[in-house]
Structure formats: structure tokens, C-alpha cells
file model-v7.txt (compact mmCIF, C-alpha atoms)
# COMPACT_ATOMS: atom_id res chain seq x y z
CA MET K 1 0.00 0.00 0.00
CA LYS K 2 1.40 3.40 -1.00
CA LEU K 3 2.02 6.11 1.58
CA HIS K 4 -0.71 8.50 0.41
CA THR K 5 -3.21 5.63 0.54
CA LYS K 6 -2.13 4.82 4.09
CA ILE K 7 -2.51 8.47 5.12
CA LEU K 8 -5.98 8.68 3.58
CA LEU K 9 -6.93 5.42 5.29
CA GLY K 10 -5.64 6.74 8.62
CA LEU K 11 -7.68 9.91 8.15
CA VAL K 12 -10.88 7.97 7.42
CA VAL K 13 -10.38 5.42 10.20
CA GLY K 14 -9.48 8.08 12.76
CA ALA K 15 -12.55 10.15 11.84
CA ILE K 16 -14.94 7.19 11.94
CA VAL K 17 -13.62 5.85 15.25
CA GLY K 18 -13.67 9.33 16.78
CA LEU K 19 -17.28 9.90 15.70
CA ALA K 20 -18.26 6.48 17.03
CA PHE K 21 -16.79 7.26 20.46
CA LYS K 22 -18.32 10.76 20.42
CA PHE K 23 -21.89 9.56 19.79
CA THR K 24 -21.75 6.40 21.90
CA LEU K 25 -19.64 7.19 24.97
CA GLY K 26 -19.40 10.99 24.74
CA ALA K 27 -16.41 13.33 24.65
CA GLU K 28 -16.07 13.41 28.45
CA HIS K 29 -16.10 9.65 28.95
CA PRO K 30 -12.96 8.41 30.78
CA VAL K 31 -12.05 6.04 27.94
CA VAL K 32 -12.22 8.83 25.36
CA GLU K 33 -10.23 11.18 27.57
CA TRP K 34 -7.62 8.48 28.19
CA LEU K 35 -7.25 7.79 24.47
CA ASN K 36 -6.85 11.49 23.69
CA THR K 37 -4.42 12.05 26.56
CA TYR K 38 -2.21 8.98 26.34
CA LEU K 39 -2.54 7.55 22.82
CA ALA K 40 -4.10 9.54 19.97
CA GLY K 41 -3.00 12.96 21.22
CA PRO K 42 0.67 12.09 21.83
CA VAL K 43 1.04 10.23 18.51
CA GLY K 44 -0.45 13.17 16.61
CA GLN K 45 1.67 15.74 18.45
CA ILE K 46 4.86 13.73 17.92
CA PHE K 47 4.13 13.62 14.19
CA LEU K 48 3.54 17.39 14.05
CA SER K 49 6.64 18.07 16.13
CA LEU K 50 8.77 16.00 13.74
CA LEU K 51 7.52 18.12 10.84
CA PHE K 52 8.07 21.42 12.66
CA MET K 53 11.51 20.23 13.71
CA ILE K 54 12.81 20.07 10.14
CA VAL K 55 11.15 23.20 8.73
CA ILE K 56 13.90 25.66 9.68
CA PRO K 57 16.95 23.59 8.62
CA LEU K 58 15.19 22.54 5.40
CA VAL K 59 14.27 26.10 4.42
CA PHE K 60 17.68 27.50 5.32
CA ALA K 61 19.73 24.78 3.61
CA SER K 62 17.66 24.64 0.42
CA ILE K 63 17.53 28.43 -0.06
CA SER K 64 21.22 28.93 0.72
CA LEU K 65 22.17 26.16 -1.72
CA GLY K 66 19.85 27.55 -4.37
CA VAL K 67 21.39 31.00 -4.20
CA ALA K 68 24.94 29.64 -3.94
CA SER K 69 24.38 27.50 -7.04
CA LEU K 70 24.12 30.69 -9.10
CA GLY K 71 27.87 31.12 -8.76
CA ASP K 72 29.57 34.49 -8.61
CA LEU K 73 26.76 37.06 -8.76
CA LYS K 74 29.15 39.61 -10.24
CA ARG K 75 29.96 37.22 -13.07
CA VAL K 76 26.40 36.06 -13.53
CA GLY K 77 25.26 39.69 -13.58
CA ARG K 78 21.70 40.33 -14.66
CA ILE K 79 20.73 36.65 -14.52
CA GLY K 80 21.58 36.47 -10.82
CA VAL K 81 19.73 39.70 -10.06
CA LYS K 82 16.70 38.57 -12.06
CA THR K 83 16.71 35.21 -10.27
CA LEU K 84 16.65 36.86 -6.84
CA LEU K 85 13.95 39.33 -7.94
CA PHE K 86 11.93 36.45 -9.36
CA PHE K 87 12.19 34.59 -6.06
CA PHE K 88 11.03 37.60 -4.04
CA LEU K 89 8.21 38.32 -6.49
CA THR K 90 6.85 34.76 -6.47
CA MET K 91 7.09 34.63 -2.68
CA ALA K 92 5.13 37.90 -2.38
CA LEU K 93 2.51 36.77 -4.91
CA SER K 94 1.98 33.46 -3.14
CA ALA K 95 1.47 35.27 0.17
CA ILE K 96 -0.99 37.67 -1.48
CA ILE K 97 -2.94 34.75 -2.97
CA GLY K 98 -3.24 33.08 0.43
CA LEU K 99 -4.29 36.27 2.22
CA THR K 100 -6.80 37.14 -0.50
CA LEU K 101 -8.43 33.70 -0.42
CA VAL K 102 -8.72 33.82 3.36
CA GLN K 103 -10.25 37.31 3.28
CA ILE K 104 -12.77 36.34 0.59
CA LEU K 105 -13.76 32.83 1.68
CA ARG K 106 -13.11 33.19 5.45
CA PRO K 107 -13.04 29.47 6.31
CA GLY K 108 -12.74 30.16 10.03
CA THR K 109 -16.13 31.92 10.17
CA ARG K 110 -17.96 28.65 9.36
CA ILE K 111 -17.39 27.42 12.93
CA THR K 112 -20.45 27.86 15.15
CA PRO K 113 -20.13 30.07 18.26
CA GLU K 114 -20.77 27.06 20.52
CA THR K 115 -17.98 25.05 18.91
CA ARG K 116 -15.66 28.05 18.97
CA ALA K 117 -16.28 28.54 22.69
CA GLU K 118 -15.65 24.85 23.34
CA MET K 119 -12.43 24.96 21.32
CA MET K 120 -11.22 28.02 23.21
CA ALA K 121 -11.92 26.25 26.48
CA THR K 122 -10.07 23.13 25.31
CA TYR K 123 -7.08 24.84 23.67
CA ALA K 124 -7.10 28.14 25.58
CA ALA K 125 -3.49 27.95 26.72
CA ASP K 126 -2.14 27.50 23.20
CA ALA K 127 -4.61 29.71 21.35
CA SER K 128 -4.62 32.86 23.51
CA SER K 129 -1.08 33.93 22.64
CA LYS K 130 -1.63 33.30 18.91
CA VAL K 131 -4.90 35.22 18.87
CA ALA K 132 -3.32 38.17 20.69
CA ALA K 133 -0.40 38.20 18.24
CA ALA K 134 -2.76 38.08 15.25
CA GLU K 135 -4.86 40.96 16.58
CA THR K 136 -1.86 43.21 17.19
CA SER K 137 -0.04 42.46 13.93
CA THR K 138 -0.53 44.75 10.93
CA PHE K 139 0.86 44.69 7.41
CA GLY K 140 2.89 47.71 6.36
CA ILE K 141 6.36 49.06 5.87
CA GLN K 142 7.43 47.70 9.27
CA THR K 143 6.47 44.23 8.09
CA LEU K 144 8.93 44.58 5.23
CA VAL K 145 11.59 45.98 7.55
CA GLY K 146 10.98 43.10 9.96
CA ILE K 147 11.90 40.57 7.26
CA VAL K 148 15.53 41.60 7.78
CA THR K 149 16.06 39.56 10.93
CA ARG K 150 18.28 40.88 13.68
CA ASN K 151 18.84 37.44 15.17
CA PRO K 152 18.52 34.36 12.91
CA VAL K 153 18.67 32.06 15.92
CA ARG K 154 15.69 33.83 17.48
CA SER K 155 13.87 33.69 14.14
CA ALA K 156 14.47 29.95 14.08
CA VAL K 157 13.14 29.53 17.62
CA GLU K 158 10.03 31.61 16.86
CA LEU K 159 9.49 29.92 13.46
CA ASP K 160 9.87 33.28 11.72
CA LEU K 161 10.13 31.83 8.21
CA LEU K 162 10.48 35.19 6.46
CA GLY K 163 13.48 36.01 8.64
CA ILE K 164 15.04 32.60 7.97
CA ILE K 165 14.40 32.93 4.23
CA PHE K 166 16.10 36.33 4.16
CA PHE K 167 19.05 35.02 6.19
CA GLY K 168 19.33 32.02 3.87
CA ILE K 169 19.39 34.31 0.82
CA MET K 170 22.08 36.53 2.36
CA PHE K 171 24.06 33.45 3.41
CA GLY K 172 23.92 32.11 -0.14
CA ILE K 173 24.91 35.49 -1.61
CA ALA K 174 27.88 35.65 0.75
CA LEU K 175 28.94 32.17 -0.35
CA THR K 176 29.00 33.28 -3.99
CA MET K 177 31.40 36.07 -3.02
CA LEU K 178 33.96 33.63 -1.65
CA THR K 179 36.51 31.81 -3.72
CA PRO K 180 35.40 28.29 -4.71
CA GLU K 181 38.04 26.78 -2.41
CA ARG K 182 36.73 28.71 0.60
CA ALA K 183 33.05 28.15 -0.20
CA LYS K 184 33.28 24.44 -1.01
CA PRO K 185 33.43 23.15 2.61
CA MET K 186 30.35 25.14 3.66
CA ILE K 187 28.45 24.10 0.54
CA GLY K 188 29.28 20.50 1.43
CA VAL K 189 27.90 21.05 4.94
CA LEU K 190 24.70 22.57 3.55
CA GLU K 191 24.28 19.70 1.07
CA ALA K 192 24.76 17.16 3.86
CA LEU K 193 22.31 19.05 6.09
CA ASN K 194 19.75 19.08 3.28
CA ASP K 195 20.17 15.32 2.73
CA ILE K 196 19.86 14.64 6.47
CA VAL K 197 16.66 16.67 6.71
CA ILE K 198 15.18 14.75 3.76
CA LYS K 199 15.90 11.49 5.59
CA ILE K 200 14.17 12.83 8.71
CA VAL K 201 11.16 13.69 6.54
CA GLU K 202 11.12 10.10 5.30
CA ILE K 203 11.12 8.88 8.90
CA ALA K 204 8.30 11.27 9.82
CA MET K 205 6.26 10.12 6.84
CA LYS K 206 6.35 6.55 8.15
CA LEU K 207 4.51 7.85 11.21
CA ALA K 208 2.13 10.00 9.13
CA PRO K 209 -0.82 7.55 8.85
CA TYR K 210 -0.87 7.05 12.63
CA GLY K 211 -0.28 10.74 13.36
CA VAL K 212 -3.09 11.81 11.04
CA ALA K 213 -5.41 9.20 12.56
CA GLY K 214 -4.59 10.41 16.08
CA LEU K 215 -5.13 14.08 15.19
CA ILE K 216 -8.48 13.55 13.45
CA PHE K 217 -9.59 11.20 16.24
CA GLY K 218 -8.96 13.97 18.77
CA VAL K 219 -11.04 16.42 16.72
CA THR K 220 -14.01 14.14 15.97
CA SER K 221 -14.15 12.54 19.42
CA ARG K 222 -14.41 16.02 21.04
CA PHE K 223 -16.45 18.00 18.51
CA GLY K 224 -18.16 15.40 16.31
CA TRP K 225 -19.41 16.71 12.97
CA ALA K 226 -19.16 20.35 14.04
CA LEU K 227 -15.57 20.76 12.83
CA LEU K 228 -15.53 18.40 9.87
CA LYS K 229 -17.35 20.80 7.55
CA PRO K 230 -15.17 23.85 8.42
CA LEU K 231 -12.07 21.66 8.09
CA GLY K 232 -13.28 20.52 4.68
CA ILE K 233 -13.74 24.15 3.61
CA TYR K 234 -10.27 25.01 4.91
CA VAL K 235 -8.78 22.11 2.91
CA ARG K 236 -10.54 23.33 -0.23
CA VAL K 237 -9.19 26.85 0.32
CA VAL K 238 -5.65 25.45 0.65
CA LEU K 239 -6.04 23.35 -2.50
CA LEU K 240 -7.43 26.35 -4.40
CA GLY K 241 -4.41 28.40 -3.32
CA LEU K 242 -2.05 25.62 -4.45
CA LEU K 243 -3.80 25.51 -7.83
CA LEU K 244 -3.68 29.29 -8.27
CA HIS K 245 -0.02 29.56 -7.25
CA PRO K 246 1.50 28.04 -10.42
CA VAL K 247 -1.01 29.89 -12.60
CA VAL K 248 -0.57 33.36 -11.06
CA SER K 249 2.84 33.32 -9.38
CA LEU K 250 4.87 31.13 -11.74
CA PRO K 251 4.93 32.28 -15.38
CA ARG K 252 4.85 29.49 -17.90
CA HIS K 253 7.91 28.69 -19.98
CA PRO K 254 7.63 30.09 -23.56
CA GLN K 255 8.50 26.71 -25.13
CA ARG K 256 5.90 25.00 -22.99
CA ARG K 257 3.35 27.63 -24.03
CA LEU K 258 4.13 27.04 -27.73
CA ALA K 259 3.78 23.30 -27.23
call {"tool": "encode", "arguments": {"input": "model-v7.txt", "output": "C-alpha cells"}}
result
Amino acid sequence: MKLHTKILLGLVVGAIVGLAFKFTLGAEHPVVEWLNTYLAGPVGQIFLSLLFMIVIPLVFASISLGVASLGDLKRVGRIGVKTLLFFFLTMALSAIIGLTLVQILRPGTRITPETRAEMMATYAADASSKVAAAETSTFGIQTLVGIVTRNPVRSAVELDLLGIIFFGIMFGIALTMLTPERAKPMIGVLEALNDIVIKIVEIAMKLAPYGVAGLIFGVTSRFGWALLKPLGIYVRVVLLGLLLHPVVSLPRHPQRRLA
């Protein structure tokens, strides 16, 4: 059985079992609470933590290697500058697409007030800080200034991906300014780091069917059908954004267009 089939099967099984426990025993039954606390919840959180663990090194290594592969930017000239501008432009367009879809479709508003109150009570400790940060954040010139991170280590700890992306670009640019002999050891380290992270992803994917089953079990056993429809809408919004990204953000190759 292929991995994507296993993940889909885990999603379906976790949802069905969670709904069965919700409508037979109830969300507050000791058995359901035990499963969420000691089995389904930990497996799902371990899976998510494995994915979050590799985000920063994967982004940093891949972007630094991509920029460094351009070679000497002075020698490359306009091609190197155009490549960097293209990267920034596509990144900005993809962010605009996501923000626009969320503002238009508003998948989070489909949750009923009762379910929202229950979710806040269940996940209050984790959600309060994120909600406060979202309410105080605004997009403007300071957002652009903030991309230039003052402390890449802090950006890594806080999962500030824009800061890590900028640092990775600058790191790659600096590598192109070194002589090949000086840059080669660091490029080798980055290539090894990238390969190691890919192997960790492969390990995490082996746990994916069980992690997905545990996560969806926790949702359906607590909230039943109330969250399945909003989650489905959220998934459709994400898929729509992924479909629009290559159409809007990534221009088609002229030869491919002629074909």
C-alpha cells in the first residue's frame, strides 16, 4: 500500500472511530479522555513536532544552496539579479494569494459560536497567545523591515520563516562572493544538512498515517461533525491556493506555451 493511501486510510479510520466514540460514549467519557491524553493525542503531536523540527533547517539549507548554485553574482550579472527578484516576487505573490483567499472565503467563520467557545476552552493555553499576536499584527512598511532579521537564531526559535528565508538568501549570496576553495566546505555542509533533513522527513512520513489518525480522532471525538465541515472548507481553500499559485505566481515557460 502506498504512503498517500495509508494516510488517507488513517484519516478515514481516525474520523470514523472518533465519531463512534463521540456519539456512543461521549467526549467526556474516561475512555475517550484516556485515548486522547495517552494515545491519539501524543502520537499526533509527535508527528507534528517532527515536521516542525525540520522546517527551519530545510528552508535555510535549500535556499542557501539555491542562491549559492548561481555562482559568482558579479559574473552572472543580470541573470543572478533577475533570479533573486523572481524569487522575491513569487514569494510575495503566493502570500498575497493566500491572504486574498482567506479574506474572501473566510473558512474560520464557518465554525459555530458554541464550537468556537468549546475549542477556546479546550485549547485556551495554546490559542490565547496566537490570537493576541494576530490581533496586534498589521501589514505595512514595518512588516517589510521586519523581514531583515536581527537574530537568525531567534527567528528559528520563533518559526519566523520570512526572517530565515532572508538570512538564507544573504548566506547564499555571501557564499557566492567567496573563492570556490573557501566556499566548497560550507556548501558540502549545507548539502549534507539538506540530505539529512530529507531522511528525517522520510522517517516522519512513516509515522504520518498514525499521526493523522490520532489528530483527526482527537477532533471528531471532542467535537463530532461540528468541525468536519469547516475543516473541509479550509482544505478546499488550501487546494485552491495551491492551484492558483502556479497559474498566477509562476509564469509558464515560452516553449511549454508554444507546445
call {"tool": "residues_around", "arguments": {"input": "model-v7.txt", "residues": "Ile216 of chain K", "least_positions_apart": "6", "cutoff": "9 Å", "atoms": "only C-alpha atoms", "output": "VMD selection string"}}
result
chain K and resid 10 to 15 18 40 44
call {"tool": "closest_residue", "arguments": {"input": "model-v7.txt", "among": "K:Leu239, K:Ile104, K:Ala61, K:Leu50", "to": "Gly168 of chain K", "atoms": "all atoms listed in the file"}}
result
K:Ala61
call {"tool": "residues_near_point", "arguments": {"input": "model-v7.txt", "point": "(-15.3, 12.4, 23.9)", "cutoff": "10 Å", "atoms": "only C-alpha atoms", "output": "PDB file with C-alpha atoms, in the coordinates of the input"}}
result
ATOM      1  CA  GLY K  18     -13.670   9.330  16.780  1.00  0.00           C
ATOM      2  CA  LEU K  19     -17.280   9.900  15.700  1.00  0.00           C
ATOM      3  CA  ALA K  20     -18.260   6.480  17.030  1.00  0.00           C
ATOM      4  CA  PHE K  21     -16.790   7.260  20.460  1.00  0.00           C
ATOM      5  CA  LYS K  22     -18.320  10.760  20.420  1.00  0.00           C
ATOM      6  CA  PHE K  23     -21.890   9.560  19.790  1.00  0.00           C
ATOM      7  CA  THR K  24     -21.750   6.400  21.900  1.00  0.00           C
ATOM      8  CA  LEU K  25     -19.640   7.190  24.970  1.00  0.00           C
ATOM      9  CA  GLY K  26     -19.400  10.990  24.740  1.00  0.00           C
ATOM     10  CA  ALA K  27     -16.410  13.330  24.650  1.00  0.00           C
ATOM     11  CA  GLU K  28     -16.070  13.410  28.450  1.00  0.00           C
ATOM     12  CA  HIS K  29     -16.100   9.650  28.950  1.00  0.00           C
ATOM     13  CA  PRO K  30     -12.960   8.410  30.780  1.00  0.00           C
ATOM     14  CA  VAL K  31     -12.050   6.040  27.940  1.00  0.00           C
ATOM     15  CA  VAL K  32     -12.220   8.830  25.360  1.00  0.00           C
ATOM     16  CA  GLU K  33     -10.230  11.180  27.570  1.00  0.00           C
ATOM     17  CA  TRP K  34      -7.620   8.480  28.190  1.00  0.00           C
ATOM     18  CA  LEU K  35      -7.250   7.790  24.470  1.00  0.00           C
ATOM     19  CA  ASN K  36      -6.850  11.490  23.690  1.00  0.00           C
ATOM     20  CA  PHE K 217      -9.590  11.200  16.240  1.00  0.00           C
ATOM     21  CA  GLY K 218      -8.960  13.970  18.770  1.00  0.00           C
ATOM     22  CA  VAL K 219     -11.040  16.420  16.720  1.00  0.00           C
ATOM     23  CA  THR K 220     -14.010  14.140  15.970  1.00  0.00           C
ATOM     24  CA  SER K 221     -14.150  12.540  19.420  1.00  0.00           C
ATOM     25  CA  ARG K 222     -14.410  16.020  21.040  1.00  0.00           C
ATOM     26  CA  PHE K 223     -16.450  18.000  18.510  1.00  0.00           C
ATOM     27  CA  GLY K 224     -18.160  15.400  16.310  1.00  0.00           C
TER      28      GLY K 224
END
call {"tool": "atom_distance", "arguments": {"input": "model-v7.txt", "atom1": "atom CA of Val201 of chain K", "atom2": "atom CA of Ser62 of chain K"}}
result
14.1 Å
call {"tool": "residues_around", "arguments": {"input": "model-v7.txt", "residues": "Thr90 of chain K", "least_positions_apart": "6", "cutoff": "9 Å", "atoms": "only C-alpha atoms", "output": "PyMOL selection string"}}
result
chain K and resi 245+248-250
call {"tool": "atom_distance", "arguments": {"input": "model-v7.txt", "atom1": "atom CA of Ile147 of chain K", "atom2": "atom CA of Phe166 of chain K"}}
result
6.7 Å
call {"tool": "atom_distance", "arguments": {"input": "model-v7.txt", "atom1": "atom CA of Lys184 of chain K", "atom2": "atom CA of Ser69 of chain K"}}
result
11.2 Å
call {"tool": "closest_residue", "arguments": {"input": "model-v7.txt", "among": "K:Leu89, K:Leu242, K:Leu228, K:Ile56", "to": "Ile16 of chain K", "atoms": "only C-alpha atoms"}}
result
K:Leu228
call {"tool": "closest_residue", "arguments": {"input": "model-v7.txt", "among": "K:Ala213, K:Met177, K:Leu240, K:Val235", "to": "Pro42 of chain K", "atoms": "only C-alpha atoms"}}
result
K:Ala213
call {"tool": "closest_residue", "arguments": {"input": "model-v7.txt", "among": "K:Val157, K:Leu9, K:Met186, K:Ile173", "to": "Ala68 of chain K", "atoms": "only C-alpha atoms"}}
result
K:Ile173
call {"tool": "closest_residue", "arguments": {"input": "model-v7.txt", "among": "K:Gly71, K:Ser49, K:Ile111, K:Met1", "to": "Lys229 of chain K", "atoms": "all atoms listed in the file"}}
result
K:Ile111
